[in-house]
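Here is the structure we will look at, set down as structure tokens.
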Amino acid sequence: MRDVYFTDRGIEELASRRGGEEVTLDWLAEQLRTFVDVHPEFETAVERFATWLARLDDED
């Protein structure tokens, strides 16, 4: 059984509301910048998430 985290609700809402849309990584990057501008307390988390996404193909 998979652990369910509080963030899963937000992820599920994102998938249900926007799951059929196609977006570019440039669009996503701009949304992340805007989010951090509005919520600077999440800068570290957003930075870690963006770095993780950027390095998904790394073999390390």
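Letters A, B, ... mark the chains of the structure tokens in the order given; residue numbers begin at 1 per chain; ligand numbers begin at 1, in order shown.
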*asked:* Need the shell around range 29-31 of chain A: protein/DNA/RNA residues with any atom at most 12 Å away, counting only C-alpha atoms. Skip same-chain ones fewer than 3 positions apart. Format as a list in words?
replied: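 In the requested form, the answer reads Val23, Thr24, Leu25, Asp26, Thr34, Phe35, Val36, Asp37, Val38, His39, Val46, Glu47, Phe49, Ala50, Thr51, Leu53 and Ala54 of chain A.
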*Within chain A, find each residue whose DSSP state, derived from the backbone, is helix (DSSP H, G or I), and express the selection as number ranges by chain.*
A: 7-18, 25-38, 40-54
*Kindly give the distance, in Å, that separates CA of Glu43 in chain A and CA of Gly20 in chain A, rounded to a single decimal.*
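So the two atoms, CA of Glu43 in chain A and CA of Gly20 in chain A, lie 27.7 Å apart.
Considering the residues A:Asp57, A:Ser16, A:Ile11, A:Leu32 and counting only C-alpha atoms, Ala45 in chain A has its shortest atom-to-atom contact with A:Leu32.
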*CA of Arg33 in chain A to CA of Glu21 in chain A, distance in Å rounded to a single decimal*: 20.0 Å
